[in-house]
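Text of query_17.cif (mmCIF, C-alpha atoms) as supplied:
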```
data_query
loop_
_atom_site.label_atom_id
_atom_site.label_comp_id
_atom_site.auth_asym_id
_atom_site.auth_seq_id
_atom_site.Cartn_x
_atom_site.Cartn_y
_atom_site.Cartn_z
CA MET A 1 -51.31 -86.94 38.65
CA PRO A 2 -47.61 -86.04 38.99
CA PHE A 3 -45.37 -87.54 41.65
CA VAL A 4 -45.85 -85.00 44.48
CA ARG A 5 -43.60 -84.69 47.52
CA VAL A 6 -43.18 -82.30 50.41
CA GLU A 7 -39.63 -81.30 51.39
CA LEU A 8 -38.74 -79.83 54.78
CA VAL A 9 -36.11 -77.11 55.18
CA ALA A 10 -35.46 -76.75 58.91
CA LEU A 11 -33.10 -73.83 59.53
CA CYS A 12 -31.27 -72.84 62.69
CA VAL A 13 -28.52 -70.46 63.77
CA ILE A 14 -25.73 -72.58 65.25
CA GLU A 15 -22.32 -71.13 66.13
CA ASP A 16 -23.39 -67.82 64.54
CA ARG A 17 -24.05 -69.48 61.15
CA LEU A 18 -27.30 -70.31 59.41
CA GLN A 19 -27.49 -74.10 59.12
CA VAL A 20 -29.93 -76.57 57.60
CA LEU A 21 -30.99 -79.97 58.93
CA LEU A 22 -30.10 -82.73 56.47
CA SER A 23 -31.04 -86.41 56.43
CA GLN A 24 -28.95 -89.26 55.11
CA ARG A 25 -31.00 -91.35 52.71
CA GLU A 26 -31.55 -95.00 53.59
CA GLU A 27 -32.87 -96.05 50.17
CA GLU A 28 -32.26 -95.51 46.46
CA PRO A 29 -32.13 -93.24 44.62
CA TYR A 30 -29.12 -91.49 46.14
CA LYS A 31 -28.81 -94.07 48.90
CA GLY A 32 -26.37 -92.82 51.53
CA LYS A 33 -26.42 -89.25 50.19
CA TRP A 34 -27.50 -86.27 52.23
CA GLY A 35 -30.63 -84.35 51.34
CA LEU A 36 -33.73 -82.76 52.79
CA PRO A 37 -36.13 -84.78 54.90
CA GLY A 38 -39.25 -85.29 52.82
CA GLY A 39 -41.94 -87.66 51.73
CA VAL A 40 -44.70 -88.34 49.23
CA LEU A 41 -48.05 -86.57 49.49
CA ARG A 42 -50.71 -89.06 50.63
CA ILE A 43 -54.21 -88.03 49.56
CA ASP A 44 -55.62 -90.77 51.80
CA LEU A 45 -53.89 -89.30 54.86
CA ASP A 46 -53.25 -85.61 54.25
CA GLY A 47 -56.10 -83.13 54.50
CA SER A 48 -53.87 -80.25 53.39
CA LEU A 49 -50.32 -79.55 52.29
CA GLU A 50 -49.38 -78.37 55.78
CA ALA A 51 -50.87 -81.52 57.26
CA ALA A 52 -48.72 -83.51 54.84
CA ALA A 53 -45.63 -81.55 55.91
CA GLN A 54 -46.28 -82.22 59.59
CA ARG A 55 -46.93 -85.91 58.93
CA VAL A 56 -43.64 -86.17 57.06
CA ALA A 57 -41.86 -84.32 59.87
CA GLN A 58 -43.25 -86.81 62.37
CA GLU A 59 -42.24 -89.78 60.21
CA ARG A 60 -38.74 -88.56 59.30
CA LEU A 61 -37.76 -86.51 62.36
CA ASN A 62 -40.00 -88.01 65.07
CA MET A 63 -41.44 -84.58 65.84
CA ARG A 64 -43.60 -81.78 64.51
CA LEU A 65 -41.93 -78.60 63.30
CA PRO A 66 -42.82 -75.08 64.50
CA ASN A 67 -43.85 -72.14 62.28
CA LEU A 68 -44.04 -74.18 59.07
CA GLY A 69 -44.47 -72.01 56.01
CA GLN A 70 -44.72 -72.93 52.33
CA VAL A 71 -42.03 -71.16 50.30
CA ALA A 72 -41.99 -72.80 46.86
CA ALA A 73 -43.42 -75.44 44.55
CA VAL A 74 -40.89 -76.84 42.08
CA GLY A 75 -41.68 -79.29 39.29
CA GLY A 76 -40.10 -80.85 36.23
CA ALA A 77 -39.50 -83.95 34.15
CA ASP A 78 -35.91 -84.59 35.26
CA ARG A 79 -36.07 -84.03 39.01
CA ASP A 80 -36.59 -87.59 40.26
CA PRO A 81 -35.68 -90.87 38.51
CA ARG A 82 -38.65 -92.59 40.13
CA ALA A 83 -41.21 -90.69 38.05
CA PRO A 84 -41.51 -89.10 34.59
CA TRP A 85 -42.60 -85.82 36.21
CA ALA A 86 -42.14 -84.79 39.84
CA MET A 87 -43.19 -81.85 41.96
CA SER A 88 -41.92 -80.82 45.39
CA VAL A 89 -43.73 -78.44 47.71
CA VAL A 90 -41.11 -76.84 49.94
CA PHE A 91 -41.77 -75.82 53.54
CA ARG A 92 -39.45 -73.90 55.81
CA SER A 93 -39.23 -73.95 59.59
CA LEU A 94 -36.97 -71.79 61.77
CA VAL A 95 -36.06 -73.70 64.90
CA GLN A 96 -34.03 -73.27 68.05
CA ALA A 97 -30.70 -75.01 68.55
CA ASP A 98 -32.12 -77.52 71.05
CA LEU A 99 -34.40 -79.14 68.46
CA GLU A 100 -34.95 -82.75 69.53
CA ALA A 101 -35.19 -84.39 66.12
CA THR A 102 -34.12 -88.03 65.76
CA PRO A 103 -33.81 -90.22 62.63
CA GLY A 104 -37.15 -91.70 61.62
CA LYS A 105 -38.37 -93.88 58.76
CA ARG A 106 -35.97 -94.18 55.80
CA VAL A 107 -33.42 -91.91 57.49
CA GLN A 108 -29.96 -93.21 58.41
CA ALA A 109 -28.83 -90.07 60.24
CA LEU A 110 -29.52 -86.37 60.72
CA ASN A 111 -26.95 -83.61 60.72
CA TRP A 112 -26.75 -79.83 60.66
CA ARG A 113 -24.75 -78.29 57.84
CA PRO A 114 -23.96 -74.61 57.18
CA VAL A 115 -26.02 -73.27 54.29
CA SER A 116 -22.89 -71.67 52.85
CA GLU A 117 -21.30 -75.12 52.35
CA LEU A 118 -24.08 -76.75 50.33
CA PHE A 119 -22.31 -76.32 46.98
CA SER A 120 -19.11 -78.13 47.96
CA ASP A 121 -17.56 -81.22 46.35
CA ASN A 122 -20.20 -83.41 48.04
CA PRO A 123 -23.51 -82.09 46.64
CA LEU A 124 -26.91 -82.93 48.04
CA ALA A 125 -29.29 -85.50 46.58
CA PHE A 126 -31.68 -84.46 43.80
CA ASP A 127 -31.95 -80.66 43.46
CA HIS A 128 -32.19 -80.16 47.21
CA ALA A 129 -29.46 -77.51 47.36
CA ASP A 130 -31.63 -75.35 45.10
CA LEU A 131 -34.66 -75.98 47.32
CA VAL A 132 -32.68 -74.85 50.36
CA GLN A 133 -31.87 -71.64 48.51
CA HIS A 134 -35.58 -71.02 47.90
CA ALA A 135 -36.24 -71.39 51.64
CA VAL A 136 -33.27 -69.26 52.69
CA ARG A 137 -34.28 -66.41 50.41
CA ALA A 138 -37.83 -66.52 51.80
CA VAL A 139 -36.56 -66.51 55.38
CA GLN A 140 -34.18 -63.65 54.69
CA ARG A 141 -37.07 -61.58 53.37
CA GLU A 142 -39.03 -62.29 56.55
CA ILE A 143 -36.18 -61.30 58.86
CA ALA A 144 -35.30 -58.21 56.80
CA GLU A 145 -38.92 -57.12 57.29
CA MET A 146 -38.61 -57.96 61.01
CA ARG A 147 -41.20 -60.73 60.83
CA PHE A 148 -39.83 -63.22 63.34
CA PRO A 149 -41.43 -66.70 63.14
CA MET A 150 -43.14 -67.86 66.30
CA GLY A 151 -40.98 -70.08 68.48
CA TRP A 152 -37.73 -69.33 66.67
CA VAL A 153 -36.19 -66.91 69.18
CA PRO A 154 -35.64 -68.16 72.74
CA GLU A 155 -37.49 -65.92 75.17
CA PRO A 156 -36.73 -63.76 77.02
CA PHE A 157 -34.12 -62.14 74.79
CA THR A 158 -32.09 -58.95 74.57
CA TYR A 159 -32.10 -56.75 71.50
CA GLY A 160 -28.45 -57.67 71.05
CA GLU A 161 -29.26 -61.39 70.95
CA LEU A 162 -32.11 -60.85 68.50
CA GLN A 163 -29.90 -58.70 66.29
CA ALA A 164 -27.16 -61.36 66.28
CA LEU A 165 -29.65 -64.03 65.18
CA SER A 166 -30.96 -61.73 62.46
CA GLU A 167 -27.45 -61.01 61.20
CA ALA A 168 -26.66 -64.73 61.00
CA VAL A 169 -29.75 -65.31 58.84
CA LEU A 170 -29.14 -62.30 56.62
CA GLY A 171 -25.40 -62.86 56.32
CA THR A 172 -24.70 -59.18 56.94
CA SER A 173 -24.22 -56.73 59.80
CA LEU A 174 -27.05 -54.47 60.97
CA ASP A 175 -26.76 -51.04 62.47
CA LYS A 176 -27.44 -51.32 66.20
CA VAL A 177 -29.27 -48.01 66.58
CA THR A 178 -31.44 -48.55 63.51
CA PHE A 179 -32.32 -52.09 64.57
CA ARG A 180 -33.43 -50.97 68.03
CA ARG A 181 -35.37 -48.02 66.61
CA ARG A 182 -37.25 -50.32 64.23
CA MET A 183 -38.05 -52.75 67.04
CA ASP A 184 -39.40 -49.98 69.25
CA ALA A 185 -41.41 -48.43 66.42
CA ALA A 186 -42.98 -51.78 65.53
CA GLY A 187 -44.02 -52.41 69.12
CA MET A 188 -43.38 -56.12 68.69
CA ALA A 189 -41.45 -56.64 71.94
CA LEU A 190 -42.33 -55.86 75.54
CA PRO A 191 -39.61 -54.97 78.06
CA LEU A 192 -39.73 -57.11 81.18
CA GLU A 193 -39.72 -54.71 84.08
CA GLY A 194 -36.69 -55.09 86.30
CA GLN A 195 -35.29 -58.03 84.31
CA MET A 196 -31.79 -57.66 82.89
CA ARG A 197 -29.11 -60.00 81.54
CA ALA A 198 -25.44 -59.58 82.41
CA ALA A 199 -23.28 -59.02 79.33
CA GLY A 200 -19.68 -59.54 80.39
CA ALA A 201 -17.84 -56.25 80.82
CA HIS A 202 -20.80 -54.33 79.41
CA ARG A 203 -23.69 -53.06 81.47
CA PRO A 204 -26.64 -55.46 81.88
CA ALA A 205 -29.08 -55.51 78.94
CA GLN A 206 -32.85 -55.23 79.13
CA LEU A 207 -34.81 -58.45 78.58
CA TYR A 208 -37.84 -58.60 76.28
CA ARG A 209 -40.63 -60.92 75.19
CA PHE A 210 -42.54 -60.70 71.94
CA THR A 211 -45.88 -58.94 72.12
CA PRO A 212 -48.66 -61.56 72.19
CA GLU A 213 -50.67 -61.79 69.00
CA PRO A 214 -54.24 -60.56 69.41
CA ALA A 215 -56.84 -63.28 69.81
CA LEU A 216 -59.09 -63.82 66.79
#
```
Show this structure as structure tokens.
Amino acid sequence: MPFVRVELVALCVIEDRLQVLLSQREEEPYKGKWGLPGGVLRIDLDGSLEAAAQRVAQERLNMRLPNLGQVAAVGGADRDPRAPWAMSVVFRSLVQADLEATPGKRVQALNWRPVSELFSDNPLAFDHADLVQHAVRAVQREIAEMRFPMGWVPEPFTYGELQALSEAVLGTSLDKVTFRRRMDAAGMALPLEGQMRAAGAHRPAQLYRFTPEPAL
């Protein structure tokens, strides 16, 4: 059986930029380097890949992650010096800025870093920058299709706030009228009657909540 790990790509919009949560490694290989929080699949503990991802999140970040979704499985002979062949199953989670993660087992520190800066002079451990790209591309497809992960957007929200978050993920501007028309046509948000949010010199904006998912 190959050396199998799960890697966690927690993404958040901070200061209008898409950022990823990185952990500083406490042990070799790449001791002291920054990379993704992750851990080895334990067939004695993990009933599924998602269960493994949540266990690793609890061990490394001292919390569970919302809206976990598998985005890639990457394997090869030269990925990890600890094994002749290693595979990583990559999960993404979109989180709010007040995420209360703290360093757990084998983690010296945690830090948010803009996704756009991952290929600087101080690269990440292993091939983790490439794994982040897998997750970012998957998330961008979701947001482009207006599929907003549960728990990612603080509620209630205005259309302007939701559009700004979407633009930060996509890395591009969106047409205001088209965005609002698509939201209304999809019926995914409910206006909160009589509830508005002041917007500086502009007129107050309508507040919304996402439409509840139908019960199974």
Leaving out Val132 of chain A and any residue of its chain fewer than 6 positions from it, which residues lie within 8 Å of it when counting all atoms listed in the file, given as an mmCIF file with C-alpha atoms, in the coordinates of the input?
```
data_model
loop_
_atom_site.group_PDB
_atom_site.id
_atom_site.type_symbol
_atom_site.label_atom_id
_atom_site.label_comp_id
_atom_site.auth_asym_id
_atom_site.auth_seq_id
_atom_site.Cartn_x
_atom_site.Cartn_y
_atom_site.Cartn_z
ATOM 1 C CA VAL A 9 -36.110 -77.110 55.180
ATOM 2 C CA VAL A 20 -29.930 -76.570 57.600
ATOM 3 C CA VAL A 115 -26.020 -73.270 54.290
#
```
- Item | Counting all atoms listed in the file, the option among A:Thr172, A:Ser48, A:Ser166, A:Asn67 closest to Met150 of chain A |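 Closest candidate: A:Asn67.
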- Nearest residue to Ala109 of chain A from the set A:Leu22, A:Leu190, A:Met87, A:Val74 (distances using all atoms listed in the file):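 Residue with the minimum atom-to-atom distance to Ala109 of chain A: A:Leu22.
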- Message: Under the rule that all atoms listed in the file are counted, which of A:Arg92, A:His128, A:Arg113, A:Lys33 is the nearest residue to Asp80 of chain A?
- Response: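 Among A:Arg92, A:His128, A:Arg113, A:Lys33, it is A:His128 that comes nearest to Asp80 of chain A.
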- Message: Given the point (-37.3, -73.2, 49.4) in the coordinates of this file, which residues lie within 10 Å, counting only C-alpha atoms, and how would they look as a PyMOL selection string?
- Response: chain A and resi 7-9+69-74+88-92+128-139
- Message: Residues within 7 Å of Tyr208 of chain A, please, as a ChimeraX atom specification. Count all atoms listed in the file; anything in the same chain fewer than 5 positions from it doesn't count.
- Response: /A:156-158,189-192
- Shell around segment 175-186 of chain A at 12 Å using only C-alpha atoms, local window under 3 positions removed, as a list in words: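 In the requested format, the answer is Ile143, Ala144, Glu145, Met146, Arg147, Phe148, Thr158, Tyr159, Gly160, Glu161, Leu162, Gln163, Ala164, Ser166, Glu167, Thr172, Ala189, Leu190, Pro191, Gln206, Tyr208, Arg209, Phe210 and Thr211 of chain A.
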Keeping C-alpha atoms, export the residues of the selection given above as a PDB file, keeping the file's coordinate frame.
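Resulting contents of again_23.pdb:
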```pdb
ATOM      1  CA  ILE A 143     -36.180 -61.300  58.860  1.00  0.00           C
ATOM      2  CA  ALA A 144     -35.300 -58.210  56.800  1.00  0.00           C
ATOM      3  CA  GLU A 145     -38.920 -57.120  57.290  1.00  0.00           C
ATOM      4  CA  MET A 146     -38.610 -57.960  61.010  1.00  0.00           C
ATOM      5  CA  ARG A 147     -41.200 -60.730  60.830  1.00  0.00           C
ATOM      6  CA  PHE A 148     -39.830 -63.220  63.340  1.00  0.00           C
ATOM      7  CA  THR A 158     -32.090 -58.950  74.570  1.00  0.00           C
ATOM      8  CA  TYR A 159     -32.100 -56.750  71.500  1.00  0.00           C
ATOM      9  CA  GLY A 160     -28.450 -57.670  71.050  1.00  0.00           C
ATOM     10  CA  GLU A 161     -29.260 -61.390  70.950  1.00  0.00           C
ATOM     11  CA  LEU A 162     -32.110 -60.850  68.500  1.00  0.00           C
ATOM     12  CA  GLN A 163     -29.900 -58.700  66.290  1.00  0.00           C
ATOM     13  CA  ALA A 164     -27.160 -61.360  66.280  1.00  0.00           C
ATOM     14  CA  SER A 166     -30.960 -61.730  62.460  1.00  0.00           C
ATOM     15  CA  GLU A 167     -27.450 -61.010  61.200  1.00  0.00           C
ATOM     16  CA  THR A 172     -24.700 -59.180  56.940  1.00  0.00           C
ATOM     17  CA  ALA A 189     -41.450 -56.640  71.940  1.00  0.00           C
ATOM     18  CA  LEU A 190     -42.330 -55.860  75.540  1.00  0.00           C
ATOM     19  CA  PRO A 191     -39.610 -54.970  78.060  1.00  0.00           C
ATOM     20  CA  GLN A 206     -32.850 -55.230  79.130  1.00  0.00           C
ATOM     21  CA  TYR A 208     -37.840 -58.600  76.280  1.00  0.00           C
ATOM     22  CA  ARG A 209     -40.630 -60.920  75.190  1.00  0.00           C
ATOM     23  CA  PHE A 210     -42.540 -60.700  71.940  1.00  0.00           C
ATOM     24  CA  THR A 211     -45.880 -58.940  72.120  1.00  0.00           C
TER      25      THR A 211
END
```
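Proximity to Pro123 of chain A was assessed for A:Trp34, A:Gln54, A:Arg203, A:Leu41 counting all atoms listed in the file; the smallest distance is recorded for A:Trp34.
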Since I can't run it myself right now, could you work out what the PyMOL selection byres ((chain A and resi 79) around 12) selects here and report it as a PDB file with C-alpha atoms, in the coordinates of the input?
```
ATOM      1  CA  PRO A   2     -47.610 -86.040  38.990  1.00  0.00           C
ATOM      2  CA  PHE A   3     -45.370 -87.540  41.650  1.00  0.00           C
ATOM      3  CA  VAL A   4     -45.850 -85.000  44.480  1.00  0.00           C
ATOM      4  CA  ARG A   5     -43.600 -84.690  47.520  1.00  0.00           C
ATOM      5  CA  PRO A  29     -32.130 -93.240  44.620  1.00  0.00           C
ATOM      6  CA  VAL A  74     -40.890 -76.840  42.080  1.00  0.00           C
ATOM      7  CA  GLY A  75     -41.680 -79.290  39.290  1.00  0.00           C
ATOM      8  CA  GLY A  76     -40.100 -80.850  36.230  1.00  0.00           C
ATOM      9  CA  ALA A  77     -39.500 -83.950  34.150  1.00  0.00           C
ATOM     10  CA  ASP A  78     -35.910 -84.590  35.260  1.00  0.00           C
ATOM     11  CA  ASP A  80     -36.590 -87.590  40.260  1.00  0.00           C
ATOM     12  CA  PRO A  81     -35.680 -90.870  38.510  1.00  0.00           C
ATOM     13  CA  ARG A  82     -38.650 -92.590  40.130  1.00  0.00           C
ATOM     14  CA  ALA A  83     -41.210 -90.690  38.050  1.00  0.00           C
ATOM     15  CA  PRO A  84     -41.510 -89.100  34.590  1.00  0.00           C
ATOM     16  CA  TRP A  85     -42.600 -85.820  36.210  1.00  0.00           C
ATOM     17  CA  ALA A  86     -42.140 -84.790  39.840  1.00  0.00           C
ATOM     18  CA  MET A  87     -43.190 -81.850  41.960  1.00  0.00           C
ATOM     19  CA  SER A  88     -41.920 -80.820  45.390  1.00  0.00           C
ATOM     20  CA  ALA A 125     -29.290 -85.500  46.580  1.00  0.00           C
ATOM     21  CA  PHE A 126     -31.680 -84.460  43.800  1.00  0.00           C
ATOM     22  CA  ASP A 127     -31.950 -80.660  43.460  1.00  0.00           C
ATOM     23  CA  HIS A 128     -32.190 -80.160  47.210  1.00  0.00           C
ATOM     24  CA  ASP A 130     -31.630 -75.350  45.100  1.00  0.00           C
ATOM     25  CA  LEU A 131     -34.660 -75.980  47.320  1.00  0.00           C
TER      26      LEU A 131
END
```
Against segment 24-27 of chain A, which residues of segment 75-127 of chain A fall within 12 Å? For each one I want the closest pair of atoms and the distance in Å (one decimal), counting only C-alpha atoms, rows by chain and increasing residue number, as CSV.
```
residue,atom,partner,partner_atom,distance
A:Thr102,CA,A:Gln24,CA,11.9
A:Pro103,CA,A:Gln24,CA,9.0
A:Gly104,CA,A:Glu26,CA,10.3
A:Lys105,CA,A:Glu26,CA,8.6
A:Arg106,CA,A:Glu26,CA,5.0
A:Val107,CA,A:Glu26,CA,5.3
A:Gln108,CA,A:Gln24,CA,5.2
A:Ala109,CA,A:Gln24,CA,5.2
A:Leu110,CA,A:Gln24,CA,6.3
A:Asn111,CA,A:Gln24,CA,8.2
A:Trp112,CA,A:Gln24,CA,11.2
A:Leu124,CA,A:Gln24,CA,9.7
A:Ala125,CA,A:Arg25,CA,8.6
A:Phe126,CA,A:Arg25,CA,11.3
```
Restricted to C-alpha atoms, what would the selected residues look like written as a PDB file, in the coordinates of the input?
```pdb
ATOM      1  CA  THR A 102     -34.120 -88.030  65.760  1.00  0.00           C
ATOM      2  CA  PRO A 103     -33.810 -90.220  62.630  1.00  0.00           C
ATOM      3  CA  GLY A 104     -37.150 -91.700  61.620  1.00  0.00           C
ATOM      4  CA  LYS A 105     -38.370 -93.880  58.760  1.00  0.00           C
ATOM      5  CA  ARG A 106     -35.970 -94.180  55.800  1.00  0.00           C
ATOM      6  CA  VAL A 107     -33.420 -91.910  57.490  1.00  0.00           C
ATOM      7  CA  GLN A 108     -29.960 -93.210  58.410  1.00  0.00           C
ATOM      8  CA  ALA A 109     -28.830 -90.070  60.240  1.00  0.00           C
ATOM      9  CA  LEU A 110     -29.520 -86.370  60.720  1.00  0.00           C
ATOM     10  CA  ASN A 111     -26.950 -83.610  60.720  1.00  0.00           C
ATOM     11  CA  TRP A 112     -26.750 -79.830  60.660  1.00  0.00           C
ATOM     12  CA  LEU A 124     -26.910 -82.930  48.040  1.00  0.00           C
ATOM     13  CA  ALA A 125     -29.290 -85.500  46.580  1.00  0.00           C
ATOM     14  CA  PHE A 126     -31.680 -84.460  43.800  1.00  0.00           C
TER      15      PHE A 126
END
```
Could you tell me which residues the PyMOL selection byres ((chain A and resi 97) around 8) grabs in this file, written as an mmCIF file with C-alpha atoms, in the coordinates of the input?
```cif
data_model
loop_
_atom_site.group_PDB
_atom_site.id
_atom_site.type_symbol
_atom_site.label_atom_id
_atom_site.label_comp_id
_atom_site.auth_asym_id
_atom_site.auth_seq_id
_atom_site.Cartn_x
_atom_site.Cartn_y
_atom_site.Cartn_z
ATOM 1 C CA CYS A 12 -31.270 -72.840 62.690
ATOM 2 C CA VAL A 13 -28.520 -70.460 63.770
ATOM 3 C CA ILE A 14 -25.730 -72.580 65.250
ATOM 4 C CA VAL A 95 -36.060 -73.700 64.900
ATOM 5 C CA GLN A 96 -34.030 -73.270 68.050
ATOM 6 C CA ASP A 98 -32.120 -77.520 71.050
ATOM 7 C CA LEU A 99 -34.400 -79.140 68.460
#
```
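Using only C-alpha atoms, the nearest neighbour of Gly35 of chain A within the list A:Arg64, A:Asn122, A:Ala57, A:Pro154 is A:Asn122.
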Once 3 Å is added on each side, what are the centre and the three edge lengths, in Å to one decimal, of the axis-aligned box enclosing the listed atoms of segment 96-115 of chain A? Present them as lines of an AutoDock Vina configuration file.
```
center_x = -31.2
center_y = -83.7
center_z = 62.7
size_x = 20.4
size_y = 26.9
size_z = 22.8
```
